[in-house]
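Trainee: Sharing run-v4.cif, mmCIF, C-alpha atoms:
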```cif
data_final
#
loop_
_atom_site.label_atom_id
_atom_site.label_comp_id
_atom_site.auth_asym_id
_atom_site.auth_seq_id
_atom_site.Cartn_x
_atom_site.Cartn_y
_atom_site.Cartn_z
CA ALA A 1 -25.84 53.16 97.27
CA GLN A 2 -22.35 52.58 95.95
CA SER A 3 -20.77 55.38 93.98
CA VAL A 4 -17.68 57.33 93.05
CA ALA A 5 -17.51 61.10 93.26
CA GLN A 6 -15.38 63.50 91.29
CA PRO A 7 -15.63 66.77 93.19
CA GLU A 8 -14.14 68.96 90.45
CA ASP A 9 -15.88 69.45 87.11
CA GLN A 10 -12.85 71.29 85.73
CA VAL A 11 -9.14 71.29 86.54
CA ASN A 12 -6.68 73.66 84.92
CA VAL A 13 -2.93 73.17 85.18
CA ALA A 14 0.08 74.72 83.48
CA GLU A 15 2.15 72.56 81.17
CA GLY A 16 5.03 70.97 83.07
CA ASN A 17 3.33 71.24 86.44
CA PRO A 18 2.10 68.21 88.37
CA LEU A 19 -1.58 67.40 88.00
CA THR A 20 -4.11 65.73 90.28
CA VAL A 21 -7.65 64.68 89.40
CA LYS A 22 -9.59 63.74 92.49
CA CYS A 23 -11.90 60.80 93.12
CA THR A 24 -13.51 59.49 96.28
CA TYR A 25 -15.45 56.27 96.54
CA SER A 26 -18.28 54.83 98.55
CA VAL A 27 -18.08 51.14 97.72
CA SER A 28 -18.65 48.22 100.05
CA GLY A 29 -16.08 45.50 100.46
CA ASN A 30 -12.87 45.63 98.47
CA PRO A 31 -13.35 48.18 95.70
CA TYR A 32 -12.20 47.62 92.16
CA LEU A 33 -11.41 51.08 90.79
CA PHE A 34 -10.44 52.36 87.37
CA TRP A 35 -9.54 55.55 85.56
CA TYR A 36 -10.64 56.10 81.96
CA VAL A 37 -9.86 59.05 79.68
CA GLN A 38 -11.91 60.48 76.84
CA TYR A 39 -10.15 62.62 74.28
CA PRO A 40 -12.27 65.05 72.23
CA ASN A 41 -14.72 63.34 69.86
CA ARG A 42 -13.36 59.90 70.68
CA GLY A 43 -14.32 56.88 72.73
CA LEU A 44 -13.00 56.14 76.18
CA GLN A 45 -9.60 54.62 76.81
CA PHE A 46 -8.48 52.65 79.85
CA LEU A 47 -5.70 54.29 81.90
CA LEU A 48 -5.21 52.14 84.98
CA LYS A 49 -6.93 50.02 87.60
CA TYR A 50 -6.67 49.07 91.26
CA ILE A 51 -7.73 45.55 92.15
CA THR A 52 -5.58 44.64 95.11
CA GLY A 53 -1.99 44.86 96.29
CA ASP A 54 0.25 47.91 95.95
CA ASN A 55 -1.64 51.12 96.69
CA LEU A 56 0.26 53.02 94.00
CA VAL A 57 -0.88 51.96 90.57
CA LYS A 58 0.96 52.95 87.42
CA GLY A 59 -0.84 53.25 84.11
CA SER A 60 -0.62 54.49 80.55
CA TYR A 61 0.92 57.79 79.40
CA GLY A 62 2.81 58.35 82.68
CA PHE A 63 -0.29 58.48 84.86
CA GLU A 64 -0.53 56.89 88.28
CA ALA A 65 -3.13 56.69 91.01
CA GLU A 66 -2.94 56.15 94.72
CA PHE A 67 -5.52 54.03 96.50
CA ASN A 68 -6.08 55.39 100.02
CA LYS A 69 -8.40 53.25 102.09
CA SER A 70 -8.53 55.55 105.13
CA GLN A 71 -9.55 58.53 102.99
CA THR A 72 -11.59 56.41 100.54
CA SER A 73 -9.82 58.13 97.68
CA PHE A 74 -8.30 57.13 94.37
CA HIS A 75 -6.72 60.30 92.98
CA LEU A 76 -5.15 60.33 89.53
CA LYS A 77 -1.74 62.00 89.27
CA LYS A 78 0.99 62.84 86.80
CA PRO A 79 4.30 64.51 87.70
CA SER A 80 4.49 66.76 84.63
CA ALA A 81 1.41 67.67 82.58
CA LEU A 82 1.41 67.82 78.79
CA VAL A 83 -0.95 69.84 76.61
CA SER A 84 -1.96 66.52 75.02
CA ASP A 85 -3.26 65.34 78.43
CA SER A 86 -6.20 67.74 78.04
CA ALA A 87 -9.26 65.49 78.09
CA LEU A 88 -12.22 64.29 80.14
CA TYR A 89 -11.26 61.88 82.93
CA PHE A 90 -13.60 59.39 84.56
CA CYS A 91 -13.21 57.57 87.84
CA VAL A 92 -15.01 54.23 87.68
CA PHE A 93 -15.85 51.37 90.01
CA LEU A 94 -16.81 47.80 89.30
CA GLY A 95 -20.25 47.03 90.65
CA GLY A 96 -22.52 44.03 90.72
CA ALA A 97 -22.62 41.66 87.75
CA ASN A 98 -19.15 42.92 86.80
CA ASN A 99 -20.48 46.16 85.39
CA LEU A 100 -18.73 49.51 85.43
CA PHE A 101 -20.23 52.57 87.13
CA PHE A 102 -18.83 55.93 86.12
CA GLY A 103 -18.28 59.16 87.97
CA THR A 104 -19.48 62.38 86.39
CA GLY A 105 -16.09 63.20 84.92
CA THR A 106 -13.47 65.93 85.34
CA ARG A 107 -12.36 68.02 82.41
CA LEU A 108 -8.61 68.60 82.53
CA THR A 109 -7.16 71.53 80.61
CA VAL A 110 -3.38 71.85 80.39
CA ILE A 111 -2.38 75.40 79.57
CA PRO A 112 0.71 75.88 77.38
CA ASN B 1 -7.57 44.82 64.46
CA ALA B 2 -10.26 47.48 64.18
CA GLY B 3 -11.24 47.00 67.84
CA VAL B 4 -14.81 48.13 68.51
CA THR B 5 -16.67 49.75 65.63
CA GLN B 6 -20.03 51.52 65.72
CA THR B 7 -22.39 52.67 63.01
CA PRO B 8 -23.68 55.23 62.33
CA LYS B 9 -21.52 58.02 63.74
CA PHE B 10 -24.35 60.55 63.72
CA GLN B 11 -28.13 60.24 63.47
CA VAL B 12 -31.08 62.59 63.70
CA LEU B 13 -34.50 61.10 64.36
CA LYS B 14 -37.95 62.51 64.78
CA THR B 15 -39.97 61.58 67.84
CA GLY B 16 -41.58 58.19 67.34
CA GLN B 17 -39.15 56.94 64.71
CA SER B 18 -37.17 53.76 65.24
CA MET B 19 -33.58 52.88 64.56
CA THR B 20 -30.88 50.35 65.36
CA LEU B 21 -27.35 51.19 66.43
CA GLN B 22 -24.81 48.63 65.33
CA CYS B 23 -21.69 47.51 67.21
CA ALA B 24 -19.06 44.96 66.30
CA GLN B 25 -15.78 43.87 67.88
CA ASP B 26 -12.99 41.77 66.43
CA MET B 27 -11.12 40.97 69.66
CA ASN B 28 -12.94 37.72 70.44
CA HIS B 29 -14.42 39.24 73.60
CA ASN B 30 -17.29 37.45 75.30
CA SER B 31 -18.84 40.46 77.00
CA MET B 32 -20.34 43.49 75.30
CA TYR B 33 -22.05 46.61 76.64
CA TRP B 34 -24.12 49.63 75.61
CA TYR B 35 -23.79 52.94 77.45
CA ARG B 36 -25.21 56.39 77.03
CA GLN B 37 -23.30 59.54 77.90
CA ASP B 38 -25.15 62.69 78.92
CA PRO B 39 -23.59 65.99 80.02
CA GLY B 40 -22.74 66.05 83.72
CA MET B 41 -23.80 62.44 84.27
CA GLY B 42 -20.90 60.29 83.13
CA LEU B 43 -21.70 57.06 81.31
CA ARG B 44 -24.64 54.92 82.28
CA LEU B 45 -25.09 51.29 81.36
CA ILE B 46 -28.15 50.52 79.23
CA TYR B 47 -27.78 46.80 78.54
CA TYR B 48 -25.01 44.26 78.56
CA SER B 49 -24.33 40.82 77.23
CA ALA B 50 -22.04 38.66 79.34
CA SER B 51 -21.75 36.07 76.59
CA GLU B 52 -23.27 35.12 73.26
CA GLY B 53 -26.94 34.33 73.71
CA THR B 54 -27.45 36.31 76.93
CA THR B 55 -28.50 39.89 77.57
CA ASP B 56 -29.32 41.75 80.79
CA LYS B 57 -30.60 45.15 81.79
CA GLY B 58 -28.28 47.78 83.09
CA GLU B 59 -28.98 51.00 84.92
CA VAL B 60 -31.20 52.72 82.29
CA PRO B 61 -32.84 50.10 80.02
CA ASN B 62 -36.26 51.70 79.49
CA GLY B 63 -37.02 52.50 75.85
CA TYR B 64 -34.30 50.24 74.46
CA ASN B 65 -33.92 46.67 73.27
CA VAL B 66 -30.77 44.76 72.39
CA SER B 67 -29.77 41.78 70.33
CA ARG B 68 -26.57 39.78 70.64
CA LEU B 69 -26.51 38.62 67.07
CA ASN B 70 -23.36 36.53 67.43
CA LYS B 71 -20.12 36.77 69.37
CA ARG B 72 -18.96 39.80 67.36
CA GLU B 73 -22.11 41.90 67.14
CA PHE B 74 -24.37 43.59 69.68
CA SER B 75 -27.08 45.96 68.47
CA LEU B 76 -29.18 48.51 70.32
CA ARG B 77 -32.69 49.33 69.11
CA LEU B 78 -34.87 52.31 69.84
CA GLU B 79 -38.43 51.31 68.94
CA SER B 80 -40.03 54.73 69.37
CA ALA B 81 -37.47 57.46 69.88
CA ALA B 82 -38.08 60.23 72.40
CA PRO B 83 -36.22 63.53 72.92
CA SER B 84 -34.96 62.17 76.25
CA GLN B 85 -32.94 59.63 74.26
CA THR B 86 -30.82 62.36 72.71
CA SER B 87 -27.36 61.33 73.81
CA VAL B 88 -24.04 59.89 72.77
CA TYR B 89 -24.10 56.09 72.72
CA PHE B 90 -21.02 53.97 73.31
CA CYS B 91 -20.53 50.28 72.77
CA ALA B 92 -17.80 48.43 74.66
CA SER B 93 -16.41 44.93 75.02
CA SER B 94 -14.22 43.14 77.52
CA VAL B 95 -11.99 40.09 77.63
CA PRO B 96 -13.57 36.69 78.14
CA GLY B 97 -15.14 36.17 81.54
CA GLN B 98 -12.99 38.72 83.31
CA GLY B 99 -15.10 41.61 84.51
CA ILE B 100 -12.20 43.20 86.33
CA ASN B 101 -10.34 43.68 83.11
CA GLU B 102 -10.69 46.87 81.20
CA GLN B 103 -13.40 47.51 78.68
CA TYR B 104 -12.64 48.64 75.15
CA PHE B 105 -14.87 51.35 73.77
CA GLY B 106 -16.05 52.24 70.30
CA PRO B 107 -15.98 55.82 68.97
CA GLY B 108 -19.62 56.51 69.77
CA THR B 109 -22.85 57.42 67.98
CA ARG B 110 -24.28 60.89 68.48
CA LEU B 111 -28.07 60.67 68.36
CA THR B 112 -30.42 63.63 68.31
CA VAL B 113 -34.17 63.15 68.64
CA THR B 114 -36.28 66.17 67.68
#
```
Starting from the coordinates I provided, produce the structure as structure tokens.
Mentor:
Amino acid sequence: AQSVAQPEDQVNVAEGNPLTVKCTYSVSGNPYLFWYVQYPNRGLQFLLKYITGDNLVKGSYGFEAEFNKSQTSFHLKKPSALVSDSALYFCVFLGGANNLFFGTGTRLTVIP
Amino acid sequence: NAGVTQTPKFQVLKTGQSMTLQCAQDMNHNSMYWYRQDPGMGLRLIYYSASEGTTDKGEVPNGYNVSRLNKREFSLRLESAAPSQTSVYFCASSVPGQGINEQYFGPGTRLTVT
């Protein structure tokens, strides 16, 4: 079965340090991958997507993600974390019938 | 634009009661979706509507029905609520005919079934 996996339930990082939120995928063919963020008590917001082309994808709020086919990974990164980046992050793939399938989420806490 | 709106924000039901969750979008999107979010499980698709007049089952449709009332509105109905349906429900929409474009989410409805 196709899926995405987020191996870390929780990631803590100090403000100003680089952050990485990990995602690996098991998707047949050419995967369409997304990152969404959920701030406390709010709906989800789109951050970025990989469809094809350049393996480094830039998104909202200074986030980027690198698509790595050999490692089947799509890690989310940011060079310098802000306290306001604290949220729940979801790695997502596009499955059949153009529907989104979500990973279990990683809670990012940026420590002042 | 208000984007995607959902009502109510919170609801408590007793087992066996029924209710309808309302969703509306003002972005002229063709496709609309209903998800549920449970701790440790991410979001799971309940039903979707690719266009006005069509609806299809998602990953977890049992116990739910939907109605695509018009292009703007997509409602989710629980006919006989069960404690297992305690969850946070999100509605979403996406741009016309383009599944690889991002979905826009509403703020959610927190439902508790006792």
Trainee: Between B:Leu43, B:Val60, B:Ala92, B:Val4, which is the closest to chain A once you count all atoms listed in the file?
Mentor: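 Checking each candidate against chain A, we get B:Leu43 as the closest.
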Trainee: Give me, as JSON lines, each residue of chain A that comes within 6 Å of chain B, together with its shortest interatomic pair and the distance in Å at one decimal, counting all atoms listed in the file, with rows ordered by chain and rising residue number.
Mentor:
```
{"residue": "A:Arg42", "atom": "CA", "partner": "B:Pro107", "partner_atom": "CA", "distance": 5.1}
{"residue": "A:Gly43", "atom": "CA", "partner": "B:Pro107", "partner_atom": "CA", "distance": 4.2}
{"residue": "A:Leu44", "atom": "CA", "partner": "B:Phe105", "partner_atom": "CA", "distance": 5.7}
{"residue": "A:Asn98", "atom": "CA", "partner": "B:Gly99", "partner_atom": "CA", "distance": 4.8}
{"residue": "A:Phe102", "atom": "CA", "partner": "B:Gly42", "partner_atom": "CA", "distance": 5.7}
{"residue": "A:Gly103", "atom": "CA", "partner": "B:Gly42", "partner_atom": "CA", "distance": 5.6}
{"residue": "A:Thr104", "atom": "CA", "partner": "B:Gly42", "partner_atom": "CA", "distance": 4.1}
{"residue": "A:Gly105", "atom": "CA", "partner": "B:Gly42", "partner_atom": "CA", "distance": 5.9}
```
Trainee: With C-alpha atoms retained, could you export that selection as a PDB file, keeping the file's coordinate frame?
Mentor:
```
ATOM      1  CA  ARG A  42     -13.360  59.900  70.680  1.00  0.00           C
ATOM      2  CA  GLY A  43     -14.320  56.880  72.730  1.00  0.00           C
ATOM      3  CA  LEU A  44     -13.000  56.140  76.180  1.00  0.00           C
ATOM      4  CA  ASN A  98     -19.150  42.920  86.800  1.00  0.00           C
ATOM      5  CA  PHE A 102     -18.830  55.930  86.120  1.00  0.00           C
ATOM      6  CA  GLY A 103     -18.280  59.160  87.970  1.00  0.00           C
ATOM      7  CA  THR A 104     -19.480  62.380  86.390  1.00  0.00           C
ATOM      8  CA  GLY A 105     -16.090  63.200  84.920  1.00  0.00           C
TER       9      GLY A 105
END
```
Trainee: Can you measure CA of Thr52 (chain A) to CA of Lys77 (chain A) for me? One decimal in Å is fine.
Mentor: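 Interatomic distance, CA of Thr52 (chain A) to CA of Lys77 (chain A): 18.7 Å.
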Trainee: Got a sec: who's within 10 Å of Thr54 (chain B), counting only C-alpha atoms, leaving out chain neighbours fewer than 5 positions off, as a list of chain:residue names?
Mentor: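 Selected residues are B:Ser31, B:Tyr48, B:Ser49, B:Ser67, B:Arg68.
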Trainee: Between A:Phe93, A:Trp35, A:Tyr50, A:Phe101, which one has atoms that come closest to Leu76 (chain A), using only C-alpha atoms?
Mentor: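 Among the listed residues, A:Trp35 lies closest to Leu76 (chain A).
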Trainee: Determine the residue set returned by the PyMOL selection byres ((chain A and resi 30) around 10) for the present structure, and present it as a list in words.
Mentor: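 Evaluating the PyMOL selection byres ((chain A and resi 30) around 10) on this file yields Val27, Ser28, Gly29, Pro31, Tyr32, Leu33, Ile51, Thr52 and Lys69 of chain A.
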Trainee: What's the 6 Å shell around His75 (chain A), counting only C-alpha atoms, without same-chain residues fewer than 2 positions away, as a PyMOL selection string?
Mentor: chain A and resi 21-23+65-66
Trainee: Take CA of Phe46 (chain A) and CA of Gly16 (chain A) and report the distance between them in Å, one decimal.
Mentor: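 One can read the CA of Phe46 (chain A) to CA of Gly16 (chain A) distance as 23.0 Å.
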Trainee: Write out N, CA and C atoms for region 41-59 of chain A, as a PDB file, in the frame of the given file.
Mentor:
```pdb
ATOM      1  N   ASN A  41     -14.073  64.026  70.982  1.00  0.00           N
ATOM      2  CA  ASN A  41     -14.720  63.340  69.860  1.00  0.00           C
ATOM      3  C   ASN A  41     -14.204  61.912  69.677  1.00  0.00           C
ATOM      4  N   ARG A  42     -13.823  61.282  70.766  1.00  0.00           N
ATOM      5  CA  ARG A  42     -13.360  59.900  70.680  1.00  0.00           C
ATOM      6  C   ARG A  42     -13.965  59.074  71.794  1.00  0.00           C
ATOM      7  N   GLY A  43     -13.854  57.767  71.682  1.00  0.00           N
ATOM      8  CA  GLY A  43     -14.320  56.880  72.730  1.00  0.00           C
ATOM      9  C   GLY A  43     -13.401  56.906  73.931  1.00  0.00           C
ATOM     10  N   LEU A  44     -13.779  56.160  74.944  1.00  0.00           N
ATOM     11  CA  LEU A  44     -13.000  56.140  76.180  1.00  0.00           C
ATOM     12  C   LEU A  44     -11.839  55.159  76.075  1.00  0.00           C
ATOM     13  N   GLN A  45     -10.757  55.503  76.762  1.00  0.00           N
ATOM     14  CA  GLN A  45      -9.600  54.620  76.810  1.00  0.00           C
ATOM     15  C   GLN A  45      -9.267  54.316  78.265  1.00  0.00           C
ATOM     16  N   PHE A  46      -8.902  53.076  78.524  1.00  0.00           N
ATOM     17  CA  PHE A  46      -8.480  52.650  79.850  1.00  0.00           C
ATOM     18  C   PHE A  46      -7.128  53.253  80.192  1.00  0.00           C
ATOM     19  N   LEU A  47      -6.982  53.762  81.425  1.00  0.00           N
ATOM     20  CA  LEU A  47      -5.700  54.290  81.900  1.00  0.00           C
ATOM     21  C   LEU A  47      -5.043  53.366  82.899  1.00  0.00           C
ATOM     22  N   LEU A  48      -5.787  52.988  83.931  1.00  0.00           N
ATOM     23  CA  LEU A  48      -5.210  52.140  84.980  1.00  0.00           C
ATOM     24  C   LEU A  48      -6.324  51.594  85.855  1.00  0.00           C
ATOM     25  N   LYS A  49      -5.960  50.620  86.698  1.00  0.00           N
ATOM     26  CA  LYS A  49      -6.930  50.020  87.600  1.00  0.00           C
ATOM     27  C   LYS A  49      -6.272  49.635  88.909  1.00  0.00           C
ATOM     28  N   TYR A  50      -7.077  49.623  89.966  1.00  0.00           N
ATOM     29  CA  TYR A  50      -6.670  49.070  91.260  1.00  0.00           C
ATOM     30  C   TYR A  50      -7.593  47.903  91.562  1.00  0.00           C
ATOM     31  N   ILE A  51      -6.959  46.749  91.769  1.00  0.00           N
ATOM     32  CA  ILE A  51      -7.730  45.550  92.150  1.00  0.00           C
ATOM     33  C   ILE A  51      -7.357  45.152  93.567  1.00  0.00           C
ATOM     34  N   THR A  52      -6.081  44.985  93.801  1.00  0.00           N
ATOM     35  CA  THR A  52      -5.580  44.640  95.110  1.00  0.00           C
ATOM     36  C   THR A  52      -4.073  44.843  95.096  1.00  0.00           C
ATOM     37  N   GLY A  53      -3.433  44.787  96.271  1.00  0.00           N
ATOM     38  CA  GLY A  53      -1.990  44.860  96.290  1.00  0.00           C
ATOM     39  C   GLY A  53      -1.465  46.262  96.513  1.00  0.00           C
ATOM     40  N   ASP A  54      -0.435  46.630  95.797  1.00  0.00           N
ATOM     41  CA  ASP A  54       0.250  47.910  95.950  1.00  0.00           C
ATOM     42  C   ASP A  54      -0.723  49.064  95.786  1.00  0.00           C
ATOM     43  N   ASN A  55      -0.691  50.008  96.737  1.00  0.00           N
ATOM     44  CA  ASN A  55      -1.640  51.120  96.690  1.00  0.00           C
ATOM     45  C   ASN A  55      -1.324  52.114  95.587  1.00  0.00           C
ATOM     46  N   LEU A  56      -0.108  52.129  95.093  1.00  0.00           N
ATOM     47  CA  LEU A  56       0.260  53.020  94.000  1.00  0.00           C
ATOM     48  C   LEU A  56       0.212  52.227  92.698  1.00  0.00           C
ATOM     49  N   VAL A  57      -0.666  52.660  91.825  1.00  0.00           N
ATOM     50  CA  VAL A  57      -0.880  51.960  90.570  1.00  0.00           C
ATOM     51  C   VAL A  57      -0.366  52.819  89.422  1.00  0.00           C
ATOM     52  N   LYS A  58       0.434  52.223  88.571  1.00  0.00           N
ATOM     53  CA  LYS A  58       0.960  52.950  87.420  1.00  0.00           C
ATOM     54  C   LYS A  58       0.191  52.542  86.162  1.00  0.00           C
ATOM     55  N   GLY A  59      -0.057  53.527  85.292  1.00  0.00           N
ATOM     56  CA  GLY A  59      -0.840  53.250  84.110  1.00  0.00           C
ATOM     57  C   GLY A  59      -0.215  53.813  82.846  1.00  0.00           C
TER      58      GLY A  59
END
```
